[in-house]
Amino acid sequence: MEIVSTQINHAQNGLIIKMPLGSSLVKLNKTFIEDKDRFIDVNIEDIPIMYCEDGSICCIPKEEEVFSLAIVGASGFGKSLALNRIHSHLFYQWKTNVCLMNDISEESFKWSEPMKFRAFKEFNRLYLNQEPCPSPIVYVYPNTNTLDLDLDFLRDKNYIKTVMPFADIIEDIGFYLSGINPEFDVGKSGMYINDLKDSLSECDTAMQVREILTEELPGREGKNFRAMRIKILTAFDSLFKEEILDITNPECHAYIRLNNAPLKNPFITLMKAGVIPSFITSDLSTKKYKSQIFACHINSIFQNHNKEFPGEKTFLLFDELRTVCETDNDPAAKAIGQVAARGRIMNVGLVYATQFYDKIPNCVKGPKLNYLMAFNHNNSKILNEIGSDFDLNKRVKERIKKLKKYECFAMTKNKFIFYRDGERWEDSQPVKGRIFYPVANHQTVGKK
């Protein structure tokens with residue numbers, strides 16, 4: 001498959017915001033004061049995330065280094081809205097590469113449309129003079145034997161189905177076979193697979209693989225090595241039945257071309273084409289091997305980033321991180337942990353949302369985070385952990401329990417930038433506010 005680079009109409013670097021002169025003035029009858037007197041133009045390069053109780057605008061500062069941000073809260077209070085908003089600003093305002101790495105709820109289907117909900121649009125216009133704007137998204141489906149696409153719905157969307165490259169998988173076959181069957185351990189049998197790697201990597205079909213294994217593995221006659229032989233053949237058969245490899249699904253693509261350039265990982269290619277890949281994982285999330293698939297793509301982006309995107313920044317965004325990984329030993333957790341630990345060196349940032357801050361790996365929270373946005377949550381264990389990570393007092397933790405829909409507390413180990421009445425200042429204390437809404441549409445406006 002070949003992708004032709006698209007022409008994206010980016011917003012300019014700064015966001016020209018018409019700020020009200022004093023929070024009380026926004027409530028005045030417009031007949032008493034003209035718009036040109038009520039507002040002033042302020043060039044904000046930072047990302048406005050919420051309107052605070054004191055009438056100021058709280059922003060994540062634009063800096064040389066990438067950042068890591070967690071968005072935490074109970075279901076239905078605004079986590080995904082905040083994730084939606086931030087992805088648009090990273091892409092349009094900062095012109096960074098953005099990759100949505102876990103859309104398990106298929107929320108990003110709406111993000112390729114401009115915001116349509118009237119109340120959201122009016123709030124953004126009132127405080128930011130900001131208009132709706134769709135995101136240029138290509139939906140990436142990991143193929144499996146249970147994937148069922150709604151082609152009528154997808155007729156007006158840009159999407160691809162993708163599989164894993166067998167030639168690469170064979171280099172670490174034990175890693176992927178253990179994902180298909182967690183009880184499978186290559187062990188000493190791995191030496192026999194390693195001896196056949198060159199021949200196996202050249203296979204174009206699953207039948208060719210089985211022919212080589214059948215012919216070359218020991219144990220063909222007699223009892224010696226028979227159990228090992230059956231074990232390997234059974235494991236490979238299980239791998240092929242999942243239909244996740246390019247040699248079992250020739251109509252799907254492990255790599256895609258950009259303007260006839262060399263083959264690339266699909267996420268890298270799509271970002272090079274100027275669009276936002278969204279990994280639709282509603283089907284993948286039910287698979288035992290999901291962690292291996294996530295790890296492969298995350299590692300490919302991270303390890304090749306400075307080569308593929310020299311001088312550029314990329315942000316990986318995850319909705320409900322717990323569905324990607326739960327323990328530090330998960331392959332996906334190790335991959336994301338690299339981003340959290342070394343992202344500043346590789347220019348790869350991390351943004352994730354989760355309801356279960358206490359059940360995600362330690363390698364992606366605590367000292368690894370620069371910012372956290374806390375929506376309503378009543379779980380004392382989670383609030384105590386957040387409180388420990390960001391040095392919150394008891395009063396702030398109690399106030400988080402009482403937050404209304406779309407309200408949140410923002411906290412940082414770095415700093416926030418604030419704007420009000422044409423003034424700009426920095427602060428690092430936890431602050432409460434009401435989030436600005438996305439400029440792209442959102443699923444709360446209507447399911448797909």
# chains A, B, ... in the order shown; residues from 1 in each chain; ligands from 1
$ select_by_dssp --residues "segment 197-289 of chain A" --states "alpha helix (DSSP H)" --output "PyMOL selection string"
chain A and resi 197-201+206-216+226-241+266-272
$ write_last_selection --atoms "C-alpha atoms" --output "PDB file, in the first residue's frame"
ATOM      1  CA  LYS A 197      15.493 -18.451  10.700  1.00  0.00           C
ATOM      2  CA  ASP A 198      17.030 -17.658   7.328  1.00  0.00           C
ATOM      3  CA  SER A 199      14.816 -20.134   5.523  1.00  0.00           C
ATOM      4  CA  LEU A 200      11.685 -19.189   7.457  1.00  0.00           C
ATOM      5  CA  SER A 201      12.128 -15.442   6.954  1.00  0.00           C
ATOM      6  CA  ALA A 206       2.051 -20.157   6.147  1.00  0.00           C
ATOM      7  CA  MET A 207       2.115 -23.358   4.098  1.00  0.00           C
ATOM      8  CA  GLN A 208       5.750 -22.775   3.162  1.00  0.00           C
ATOM      9  CA  VAL A 209       6.621 -22.272   6.832  1.00  0.00           C
ATOM     10  CA  ARG A 210       4.951 -25.512   7.822  1.00  0.00           C
ATOM     11  CA  GLU A 211       6.706 -27.389   5.013  1.00  0.00           C
ATOM     12  CA  ILE A 212      10.117 -26.199   6.229  1.00  0.00           C
ATOM     13  CA  LEU A 213       9.339 -27.007   9.856  1.00  0.00           C
ATOM     14  CA  THR A 214       7.971 -30.425   8.942  1.00  0.00           C
ATOM     15  CA  GLU A 215      11.009 -31.226   6.832  1.00  0.00           C
ATOM     16  CA  GLU A 216      13.781 -29.779   8.995  1.00  0.00           C
ATOM     17  CA  ARG A 226       8.874 -35.835  19.032  1.00  0.00           C
ATOM     18  CA  ALA A 227       7.283 -33.869  21.865  1.00  0.00           C
ATOM     19  CA  MET A 228       9.413 -30.811  21.033  1.00  0.00           C
ATOM     20  CA  ARG A 229       8.532 -31.123  17.350  1.00  0.00           C
ATOM     21  CA  ILE A 230       4.782 -31.283  18.046  1.00  0.00           C
ATOM     22  CA  LYS A 231       5.081 -28.353  20.436  1.00  0.00           C
ATOM     23  CA  ILE A 232       6.732 -26.090  17.855  1.00  0.00           C
ATOM     24  CA  LEU A 233       4.391 -27.080  15.017  1.00  0.00           C
ATOM     25  CA  THR A 234       1.349 -26.526  17.233  1.00  0.00           C
ATOM     26  CA  ALA A 235       2.639 -23.130  18.351  1.00  0.00           C
ATOM     27  CA  PHE A 236       3.210 -21.948  14.786  1.00  0.00           C
ATOM     28  CA  ASP A 237      -0.240 -23.202  13.746  1.00  0.00           C
ATOM     29  CA  SER A 238      -1.764 -21.181  16.594  1.00  0.00           C
ATOM     30  CA  LEU A 239       0.167 -18.110  15.466  1.00  0.00           C
ATOM     31  CA  PHE A 240      -1.092 -18.420  11.893  1.00  0.00           C
ATOM     32  CA  LYS A 241      -4.705 -18.998  12.962  1.00  0.00           C
ATOM     33  CA  PRO A 266       2.538   2.129   9.244  1.00  0.00           C
ATOM     34  CA  PHE A 267       2.455   4.613  12.123  1.00  0.00           C
ATOM     35  CA  ILE A 268       5.737   6.213  11.052  1.00  0.00           C
ATOM     36  CA  THR A 269       4.586   6.395   7.434  1.00  0.00           C
ATOM     37  CA  LEU A 270       1.259   7.993   8.307  1.00  0.00           C
ATOM     38  CA  MET A 271       2.879  10.620  10.527  1.00  0.00           C
ATOM     39  CA  LYS A 272       5.346  11.396   7.740  1.00  0.00           C
TER      40      LYS A 272
END
$ residues_around --residues "segment 383-389 of chain A" --least-positions-apart "6" --cutoff "8 Å" --atoms "only C-alpha atoms" --output "list in words"
Asp358, Gly366, Pro367, His377 and Lys397 of chain A
$ write_last_selection --atoms "C-alpha atoms" --output "PDB file, in the first residue's frame"
ATOM      1  CA  ASP A 358      -3.396   2.549  41.066  1.00  0.00           C
ATOM      2  CA  GLY A 366       5.153   9.213  39.874  1.00  0.00           C
ATOM      3  CA  PRO A 367       8.567  10.703  39.081  1.00  0.00           C
ATOM      4  CA  HIS A 377     -12.554  10.507  41.673  1.00  0.00           C
ATOM      5  CA  LYS A 397      -7.686  15.597  47.711  1.00  0.00           C
TER       6      LYS A 397
END
$ residues_around --residues "Ala74 of chain A" --least-positions-apart "4" --cutoff "8 Å" --atoms "only C-alpha atoms" --output "PDB file with C-alpha atoms, in the first residue's frame"
ATOM      1  CA  GLN A 355      -9.488   5.660  35.527  1.00  0.00           C
ATOM      2  CA  PHE A 375     -11.039  14.860  37.382  1.00  0.00           C
ATOM      3  CA  ASN A 376     -13.618  13.691  39.909  1.00  0.00           C
ATOM      4  CA  HIS A 377     -12.554  10.507  41.673  1.00  0.00           C
ATOM      5  CA  ASN A 378     -13.726   8.970  44.966  1.00  0.00           C
TER       6      ASN A 378
END
$ closest_atom_pairs --of "segment 275-356 of chain A" --to "segment 246-256 of chain A" --cutoff "12 Å" --atoms "only C-alpha atoms" --output "JSON lines"
{"residue": "A:Ile293", "atom": "CA", "partner": "A:Ala254", "partner_atom": "CA", "distance": 11.9}
{"residue": "A:Cys296", "atom": "CA", "partner": "A:Ala254", "partner_atom": "CA", "distance": 11.6}
{"residue": "A:His297", "atom": "CA", "partner": "A:Ala254", "partner_atom": "CA", "distance": 10.7}
{"residue": "A:Ser300", "atom": "CA", "partner": "A:Tyr255", "partner_atom": "CA", "distance": 11.7}
$ write_last_selection --atoms "N, CA and C atoms" --output "PDB file, in the first residue's frame"
ATOM      1  N   ILE A 293       1.865  -6.867  20.527  1.00  0.00           N
ATOM      2  CA  ILE A 293       1.580  -6.019  19.371  1.00  0.00           C
ATOM      3  C   ILE A 293       1.847  -4.553  19.708  1.00  0.00           C
ATOM      4  N   CYS A 296       5.632  -3.925  19.946  1.00  0.00           N
ATOM      5  CA  CYS A 296       6.314  -3.883  18.649  1.00  0.00           C
ATOM      6  C   CYS A 296       6.183  -2.503  18.015  1.00  0.00           C
ATOM      7  N   HIS A 297       4.975  -1.947  17.983  1.00  0.00           N
ATOM      8  CA  HIS A 297       4.767  -0.655  17.331  1.00  0.00           C
ATOM      9  C   HIS A 297       5.381   0.492  18.134  1.00  0.00           C
ATOM     10  N   SER A 300       9.102   0.409  17.706  1.00  0.00           N
ATOM     11  CA  SER A 300       9.495   0.825  16.358  1.00  0.00           C
ATOM     12  C   SER A 300       9.502   2.342  16.241  1.00  0.00           C
TER      13      SER A 300
END
$ atom_distance --atom1 "atom CA of Pro262 of chain A" --atom2 "atom CA of Glu243 of chain A"
24.8 Å
$ residues_around --residues "Val66 of chain A" --least-positions-apart "4" --cutoff "9 Å" --atoms "only C-alpha atoms" --output "CSV table (one decimal) with N, CA and C atoms, in the first residue's frame"
chain,number,residue,atom,x,y,z
A,62,LYS,N,5.0,25.8,26.3
A,62,LYS,CA,5.7,25.3,25.2
A,62,LYS,C,7.2,25.4,25.5
A,313,LYS,N,9.4,16.5,17.1
A,313,LYS,CA,8.8,15.9,18.3
A,313,LYS,C,7.6,15.1,17.9
A,314,THR,N,7.4,14.0,18.7
A,314,THR,CA,6.3,13.2,18.5
A,314,THR,C,5.7,12.9,19.9
A,315,PHE,N,4.4,12.9,20.0
A,315,PHE,CA,3.7,12.5,21.2
A,315,PHE,C,2.8,11.3,21.0
A,343,GLY,N,12.1,9.6,27.0
A,343,GLY,CA,11.4,10.4,26.0
A,343,GLY,C,12.1,11.7,25.6
A,344,ARG,N,12.6,12.4,26.6
A,344,ARG,CA,13.2,13.7,26.4
A,344,ARG,C,14.4,13.6,25.5
A,347,ASN,N,13.0,12.7,22.0
A,347,ASN,CA,12.0,13.7,21.5
A,347,ASN,C,10.6,13.0,21.3
A,348,VAL,N,10.3,12.1,22.2
A,348,VAL,CA,9.0,11.4,22.2
A,348,VAL,C,8.3,11.6,23.5
A,349,GLY,N,7.1,12.3,23.5
A,349,GLY,CA,6.4,12.6,24.7
A,349,GLY,C,5.3,11.6,24.9
A,350,LEU,N,4.7,11.6,26.1
A,350,LEU,CA,3.7,10.7,26.5
A,350,LEU,C,2.5,11.4,27.2
$ atom_distance --atom1 "atom CA of Asp319 of chain A" --atom2 "atom CA of Leu100 of chain A"
8.1 Å
$ closest_residue --among "A:Thr281, A:Asn124, A:Asn158, A:Ser108" --to "Ile57 of chain A" --atoms "only C-alpha atoms"
A:Asn124
$ residues_around --residues "segment 400-417 of chain A" --least-positions-apart "3" --cutoff "8 Å" --atoms "only C-alpha atoms" --output "JSON, numbers by chain"
{"A": [46, 58, 59, 60, 61, 76, 77, 78, 369, 370, 371, 372, 373, 374, 375, 376, 377, 378, 390, 396, 397, 424, 425, 426, 427, 428, 429, 430, 431, 432, 433, 434, 435]}
$ atom_distance --atom1 "atom CA of Ala332 of chain A" --atom2 "atom CA of Asn362 of chain A"
13.0 Å
$ residues_around --residues "Ser135 of chain A" --least-positions-apart "5" --cutoff "12 Å" --atoms "only C-alpha atoms" --output "ChimeraX atom specification"
/A:8-11,84-92,98-100,108-115,157-158,274-278,438-442
$ residues_around --residues "Ser291 of chain A" --least-positions-apart "2" --cutoff "7 Å" --atoms "only C-alpha atoms" --output "list in words"
Tyr289, Ile293, Phe294, Ala295, Val324, Cys325, Asp330, Pro331 and Ala332 of chain A
$ select_by_dssp --residues "segment 77-194 of chain A" --states "strand (DSSP E)" --output "list in words"
Asn97, Val98, Cys99, Leu100, Met101, Asn102, Asp103, Ile137, Val138, Tyr139, Val140, Tyr141, Pro142, Tyr159, Ile160, Lys161 and Thr162 of chain A
$ closest_residue --among "A:Thr96, A:Met346, A:Val42, A:Glu242" --to "Leu177 of chain A" --atoms "only C-alpha atoms"
A:Glu242
